[in-house]
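Enquirer: This is protein_33.cif, which holds mmCIF, C-alpha atoms:
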data_protein
#
loop_
_atom_site.label_atom_id
_atom_site.label_comp_id
_atom_site.auth_asym_id
_atom_site.auth_seq_id
_atom_site.Cartn_x
_atom_site.Cartn_y
_atom_site.Cartn_z
CA SER A 285 0.00 0.00 0.00
CA ARG A 286 2.90 2.34 0.70
CA ARG A 287 4.27 1.67 -2.77
CA GLY A 288 0.86 2.41 -4.28
CA ALA A 289 0.55 5.66 -2.33
CA SER A 290 4.05 6.72 -3.37
CA THR A 291 3.27 5.96 -7.02
CA GLY A 292 0.05 7.99 -6.84
CA GLN A 293 1.92 10.94 -5.30
CA ARG A 294 4.55 10.86 -8.04
CA ARG A 295 1.80 10.81 -10.68
CA ARG A 296 0.11 13.85 -9.14
CA GLN A 297 3.43 15.71 -9.04
CA CYS A 298 4.12 14.87 -12.67
CA ALA A 299 0.64 16.04 -13.66
CA ARG A 300 1.28 19.56 -12.39
CA PRO A 301 2.35 22.00 -15.11
CA PRO A 302 5.83 23.48 -14.68
CA VAL A 303 5.88 26.93 -13.11
CA MET A 304 7.04 29.51 -15.63
CA ALA A 305 9.61 32.05 -14.42
CA ALA A 306 8.14 34.88 -16.48
CA LEU A 307 5.74 35.71 -19.27
CA PRO A 308 7.19 36.00 -22.79
CA ASP A 309 8.53 39.40 -23.80
CA ASP A 310 5.90 39.76 -26.53
CA VAL A 311 2.96 38.89 -24.26
CA LYS A 312 1.17 42.19 -25.06
CA GLU A 313 1.26 41.44 -28.79
CA ARG A 314 0.11 37.87 -28.21
CA ILE A 315 -2.87 38.99 -26.10
CA ALA A 316 -3.75 41.57 -28.75
CA GLY A 317 -3.72 38.79 -31.34
CA ILE A 318 -5.97 36.62 -29.17
CA LEU A 319 -8.56 39.37 -28.70
CA SER A 320 -8.47 40.61 -32.28
CA GLY A 321 -11.79 39.98 -34.00
CA ARG A 322 -13.36 38.12 -31.08
CA ASP A 323 -16.75 38.70 -29.54
CA LEU A 324 -15.66 39.94 -26.12
CA THR A 325 -19.07 39.09 -24.65
CA GLN A 326 -18.27 35.43 -25.30
CA THR A 327 -14.63 35.39 -24.17
CA SER A 328 -13.38 35.01 -20.58
CA LEU A 329 -10.02 35.66 -18.92
CA LYS A 330 -9.69 31.92 -18.46
CA HIS A 331 -9.93 31.48 -22.21
CA VAL A 332 -7.35 34.21 -22.81
CA ARG A 333 -4.90 32.48 -20.44
CA GLY A 334 -5.52 29.11 -22.05
CA GLU A 335 -5.08 30.45 -25.57
CA LEU A 336 -1.93 32.31 -24.50
CA GLU A 337 -0.46 29.10 -23.07
CA LYS A 338 -1.32 27.25 -26.27
CA ARG A 339 0.30 29.88 -28.49
CA CYS A 340 3.40 29.94 -26.28
CA GLY A 341 3.70 26.14 -26.45
CA VAL A 342 3.42 25.52 -22.70
CA GLN A 343 1.17 23.23 -20.69
CA ALA A 344 -2.28 24.30 -19.55
CA GLY A 345 -2.02 26.08 -16.21
CA ALA A 346 1.60 27.12 -16.70
CA PHE A 347 0.65 30.81 -16.55
CA ASP A 348 -1.69 30.55 -13.56
CA ALA A 349 0.84 32.38 -11.39
CA PHE A 350 0.51 35.39 -13.73
CA ARG A 351 -3.27 35.69 -13.63
CA ASP A 352 -3.24 39.27 -12.32
CA LYS A 353 -0.67 40.40 -14.88
CA ILE A 354 -2.57 38.76 -17.74
CA LYS A 355 -5.80 40.33 -16.47
CA ASP A 356 -4.20 43.81 -16.42
CA LEU A 357 -2.78 43.40 -19.94
CA THR A 358 -6.10 42.05 -21.23
CA THR A 359 -8.06 44.91 -19.67
CA ALA A 360 -5.67 47.45 -21.19
CA GLU A 361 -6.02 45.88 -24.64
CA ILE A 362 -9.82 45.84 -24.39
CA SER A 363 -9.73 49.53 -23.47
CA ARG A 364 -7.55 50.21 -26.52
CA ILE A 365 -9.90 48.26 -28.79
CA GLN A 366 -12.97 50.06 -27.48
CA GLN A 367 -11.34 53.48 -27.79
CA ALA A 368 -10.42 52.69 -31.39
CA GLU A 369 -13.99 51.57 -32.15
CA ALA A 370 -15.37 54.69 -30.48
CA GLY A 371 -13.34 56.92 -32.75
CA GLY A 372 -9.95 57.13 -31.06
CA GLY A 373 -9.85 58.07 -27.37
CA GLY A 374 -8.12 61.46 -27.58
CA GLY A 375 -10.29 62.79 -30.42
CA ASP A 376 -14.00 63.37 -30.58
CA GLY A 377 -15.09 59.79 -30.10
CA ASP A 378 -18.68 58.98 -30.94
CA GLY A 379 -19.23 56.16 -28.44
CA ASP A 380 -22.33 54.98 -30.28
CA GLY A 381 -22.20 51.52 -28.75
CA ASP A 382 -24.93 50.49 -26.35
CA GLY A 383 -22.63 50.82 -23.38
CA GLU A 384 -25.10 50.04 -20.63
CA GLY A 385 -23.83 47.30 -18.34
CA GLU A 386 -20.49 46.87 -20.06
CA GLU A 387 -17.42 46.01 -18.05
CA ALA A 388 -13.77 46.26 -18.73
CA ALA A 389 -11.89 49.50 -18.24
CA SER A 390 -14.32 51.19 -20.18
CA PRO A 391 -14.77 53.60 -22.91
CA GLU A 392 -17.92 52.30 -24.57
CA ALA A 393 -17.56 49.99 -27.52
CA GLY A 394 -18.88 51.23 -30.84
CA GLU A 395 -20.43 48.11 -32.34
CA LYS A 396 -20.53 44.50 -31.27
CA ARG A 397 -17.36 42.82 -32.46
CA LYS A 398 -17.90 39.98 -34.89
CA SER A 399 -16.82 36.63 -33.52
CA THR A 400 -14.24 34.54 -35.30
CA ASP A 401 -14.08 32.07 -32.42
CA THR A 402 -17.07 31.94 -30.09
CA VAL A 403 -16.15 30.71 -26.62
CA ALA A 404 -18.76 30.09 -23.95
CA ASP A 405 -17.13 29.61 -20.55
CA SER A 406 -19.58 29.52 -17.67
CA SER A 407 -16.84 29.24 -15.03
CA GLU A 408 -15.74 32.85 -15.50
CA PRO A 409 -17.66 35.98 -16.53
CA PRO A 410 -17.15 37.35 -20.06
CA LEU A 411 -14.63 40.12 -20.63
CA VAL A 412 -17.46 42.47 -21.66
CA LYS A 413 -21.08 41.99 -20.66
CA LYS A 414 -23.76 42.05 -23.30
CA SER A 415 -25.74 45.26 -23.52
CA ARG A 416 -28.98 45.51 -21.60
CA LYS A 417 -32.21 45.90 -23.51
CA THR A 418 -34.83 48.57 -23.00
CA ARG A 419 -38.33 47.73 -21.82
CA LYS A 420 -39.50 47.47 -25.40
CA GLY A 421 -36.87 44.81 -26.08
CA CYS A 422 -34.56 46.88 -28.29
CA SER A 423 -31.13 48.22 -27.45
CA THR A 424 -30.53 51.79 -26.33
CA LYS A 425 -28.93 52.54 -29.69
CA GLU A 426 -31.98 51.29 -31.57
CA ALA A 427 -34.34 53.18 -29.27
CA GLN A 428 -32.51 56.50 -29.69
CA LYS A 429 -31.25 56.42 -33.26
CA ALA A 430 -34.28 58.32 -34.58
CA MET A 431 -34.97 60.45 -31.50
CA PHE A 432 -33.69 63.74 -32.98
CA THR A 433 -32.08 65.19 -36.04
CA ARG A 434 -28.73 66.93 -35.66
CA SER A 435 -30.25 70.34 -36.33
CA THR A 436 -33.04 69.74 -33.79
CA PHE A 437 -30.49 68.69 -31.18
CA GLN A 438 -28.45 71.84 -31.77
CA LYS A 439 -31.54 74.00 -31.34
CA LYS A 440 -32.88 72.32 -28.20
CA ALA A 441 -29.74 71.21 -26.34
CA GLU A 442 -28.51 73.45 -23.53
CA SER A 443 -25.23 73.60 -21.66
CA ILE A 444 -24.88 71.27 -18.67
CA THR A 445 -22.67 71.40 -15.58
CA LEU A 446 -20.46 68.52 -14.51
CA ALA A 447 -18.92 68.16 -11.06
CA PHE A 448 -15.19 67.36 -11.07
CA GLY A 449 -13.99 67.14 -7.49
CA ASP A 450 -15.11 70.45 -5.98
CA LYS A 451 -15.07 72.15 -9.39
CA LYS A 452 -17.97 72.77 -11.74
CA ILE A 453 -17.24 72.15 -15.41
CA LYS A 454 -19.45 73.56 -18.13
CA MET A 455 -20.15 71.20 -21.01
CA GLU A 456 -21.50 72.52 -24.29
CA PRO A 457 -23.64 70.72 -26.89
CA LYS A 458 -21.49 69.52 -29.78
CA VAL A 459 -21.73 67.69 -33.08
CA PHE A 460 -18.58 65.59 -33.28
CA SER A 461 -16.64 65.11 -36.50
CA THR A 462 -17.84 61.48 -36.57
CA GLY A 463 -21.46 62.68 -36.84
CA SER A 464 -22.45 61.83 -33.27
CA CYS A 465 -24.03 64.48 -31.04
CA GLY A 466 -23.46 65.05 -27.37
CA TYR A 467 -21.64 67.25 -24.89
CA TYR A 468 -18.01 68.30 -24.73
CA SER A 469 -15.60 70.21 -22.53
CA ASN A 470 -11.88 70.86 -22.86
CA THR A 471 -10.40 73.05 -20.15
CA LYS A 472 -7.67 73.43 -17.53
CA VAL A 473 -8.53 72.97 -13.86
CA VAL A 474 -6.50 73.73 -10.73
CA MET A 475 -6.58 70.86 -8.23
CA GLN A 476 -5.13 70.34 -4.77
CA VAL A 477 -2.77 67.36 -4.39
CA GLY A 478 -1.06 66.89 -1.04
CA GLY A 479 -1.48 70.55 -0.20
CA GLN A 480 -0.02 71.65 -3.53
CA GLU A 481 -1.84 73.23 -6.43
CA VAL A 482 -1.49 71.41 -9.74
CA MET A 483 -2.92 72.31 -13.13
CA VAL A 484 -4.65 69.46 -14.98
CA GLN A 485 -5.93 69.29 -18.54
CA LEU A 486 -9.51 68.07 -18.47
CA GLN A 487 -11.24 66.75 -21.58
CA VAL A 488 -14.71 65.26 -21.25
CA GLN A 489 -16.79 63.72 -24.05
CA ALA A 490 -20.38 62.60 -23.61
CA PRO A 491 -21.73 61.34 -26.95
CA ILE A 492 -25.37 60.33 -27.07
CA ILE A 493 -25.80 56.65 -27.84
CA GLY A 494 -27.31 56.17 -31.29
CA SER A 495 -26.87 59.80 -32.35
CA LYS A 496 -24.53 58.93 -35.21
CA GLU A 497 -27.63 57.62 -37.01
CA TRP A 498 -29.47 60.94 -36.73
CA LYS A 499 -30.30 62.72 -39.96
CA GLU A 500 -28.96 66.19 -40.59
CA SER A 501 -32.38 67.85 -40.52
#
Translate this file's structure into structure tokens.
Expert:
Amino acid sequence: SRRGASTGQRRRQCARPPVMAALPDDVKERIAGILSGRDLTQTSLKHVRGELEKRCGVQAGAFDAFRDKIKDLTTAEISRIQQAEAGGGGGDGDGDGDGEGEEAASPEAGEKRKSTDTVADSSEPPLVKKSRKTRKGCSTKEAQKAMFTRSTFQKKAESITLAFGDKKIKMEPKVFSTGSCGYYSNTKVVMQVGGQEVMVQLQVQAPIIGSKEWKES
């Protein structure tokens, strides 16, 4: 019985994947390749780790020690993808995607990404949650895409005030270069950090979901 127990222990030890000392140098590019073209609502972090291990030629579970690092890199890549789909983060992004309920570091995605490899993994939540539906059963984008025309929005929209710390920021109605309508502010604000005054550049975009579909008049 001792021999049998010893044999079983050796088998369990052999079954464990080797612990990797570090992630590959090109891990960012590999994760970008994994996420490219996928439906993020059907892809989990577990799948990303598994696919990364497969592409790196290591055993399943070999990267388990780097879960947090892989999660951070994956979240950053999703943010980059969503900013690109929304029109490029630093510009006048349209953000037409139905962003309600989405997770991931999160500028709102423009359109649902087409899936080249659908993965349903119930053990972990998807990287991005599917958009909620309105009471009538259609998405926010569908419900709002014919709500106004651009000219009507410009006539009726008024300035709004946004709180930023203890500051009040005025946001003006705007028609973005992408065709979306919403509110925009680009200003400098003095903030207190550790008893010191610092000047920050504040740019806020608030595109209305579905407004890219609005007619001119």
Enquirer: List the residues selected by the PyMOL selection byres ((chain A and resi 456) around 7) in the file shown, writing them as a short mmCIF file (atom, residue, chain, number, x, y, z; two decimals) with C-alpha atoms, in the coordinates of the input.
Expert:
data_model
loop_
_atom_site.label_atom_id
_atom_site.label_comp_id
_atom_site.auth_asym_id
_atom_site.auth_seq_id
_atom_site.Cartn_x
_atom_site.Cartn_y
_atom_site.Cartn_z
CA SER A 443 -25.23 73.60 -21.66
CA ILE A 444 -24.88 71.27 -18.67
CA LYS A 454 -19.45 73.56 -18.13
CA MET A 455 -20.15 71.20 -21.01
CA PRO A 457 -23.64 70.72 -26.89
CA LYS A 458 -21.49 69.52 -29.78
CA TYR A 467 -21.64 67.25 -24.89
CA TYR A 468 -18.01 68.30 -24.73
CA SER A 469 -15.60 70.21 -22.53
#
Enquirer: Running the PyMOL selection byres ((chain A and resi 490) around 8) on this model by hand, what would come out? Give it as a PDB file with C-alpha atoms, in the coordinates of the input.
Expert:
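This is the output file part.pdb:
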ATOM      1  CA  GLY A 466     -23.460  65.050 -27.370  1.00  0.00           C
ATOM      2  CA  TYR A 467     -21.640  67.250 -24.890  1.00  0.00           C
ATOM      3  CA  TYR A 468     -18.010  68.300 -24.730  1.00  0.00           C
ATOM      4  CA  VAL A 488     -14.710  65.260 -21.250  1.00  0.00           C
ATOM      5  CA  GLN A 489     -16.790  63.720 -24.050  1.00  0.00           C
ATOM      6  CA  PRO A 491     -21.730  61.340 -26.950  1.00  0.00           C
ATOM      7  CA  ILE A 492     -25.370  60.330 -27.070  1.00  0.00           C
TER       8      ILE A 492
END
Enquirer: Got a sec to resolve the PyMOL selection byres ((chain A and resi 335-345) around 8) on this structure and send the residues as a PyMOL selection string?
Expert: chain A and resi 301-302+308+314-315+318+331-334+346-348
Enquirer: Write the residues of the selection above to a file with C-alpha atoms, as a CSV table (one decimal), in the coordinates of the input.
Expert:
chain,number,residue,atom,x,y,z
A,301,PRO,CA,2.4,22.0,-15.1
A,302,PRO,CA,5.8,23.5,-14.7
A,308,PRO,CA,7.2,36.0,-22.8
A,314,ARG,CA,0.1,37.9,-28.2
A,315,ILE,CA,-2.9,39.0,-26.1
A,318,ILE,CA,-6.0,36.6,-29.2
A,331,HIS,CA,-9.9,31.5,-22.2
A,332,VAL,CA,-7.4,34.2,-22.8
A,333,ARG,CA,-4.9,32.5,-20.4
A,334,GLY,CA,-5.5,29.1,-22.0
A,346,ALA,CA,1.6,27.1,-16.7
A,347,PHE,CA,0.6,30.8,-16.6
A,348,ASP,CA,-1.7,30.6,-13.6
Enquirer: Counting all atoms listed in the file, which residue out of A:Gly449, A:Gly463, A:Gly317, A:Pro410 sits closest to A:Met475?
Expert: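 Answer, going by the shortest atom-to-atom distance: A:Gly449.
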Enquirer: Can you tell me how far atom CA of A:Leu446 sits from atom CA of A:Gly478, in Å to one decimal?
Expert: 23.7 Å
Enquirer: Rounded to one decimal in Å, what is the spacing between atom CA of A:Lys496 and atom CA of A:Ser423?
Expert: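 Computing the Euclidean distance for atom CA of A:Lys496 and atom CA of A:Ser423 yields 14.8 Å.
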Enquirer: Produce the centre coordinates and the three edge lengths, each in Å to one decimal, of the box along x, y and z that contains all listed atoms of stretch 486-495 of chain A with 3 Å added on each side, as JSON.
Expert:
{"center_x": -18.4, "center_y": 62.1, "center_z": -25.4, "size_x": 23.8, "size_y": 17.9, "size_z": 19.9}
Enquirer: Report, in Å to a single decimal, how far apart atom CA of A:Ser320 and atom CA of A:Lys429 are.
Expert: 27.7 Å
Enquirer: Find the residue from A:Lys330, A:Lys312, A:Arg434, A:Lys425 that sits nearest to A:Ala360; use all atoms listed in the file when measuring.
Expert: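 Comparing A:Lys330, A:Lys312, A:Arg434, A:Lys425 against A:Ala360, the winner is A:Lys312.
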Enquirer: For A:Lys499, which of A:Ile365, A:Ser464, A:Leu329, A:Val477 is the closest residue, counting all atoms listed in the file?
Expert: A:Ser464
Enquirer: Compile the contact shell of A:Thr433 as number ranges by chain: residues with an atom at most 6 Å away, counting all atoms listed in the file, same-chain residues fewer than 6 positions apart removed.
Expert: A: 498-501
Enquirer: Closest to A:Lys355 among A:Glu497, A:Asp323, A:Ala368, A:Val311, using all atoms listed in the file?
Expert: A:Val311
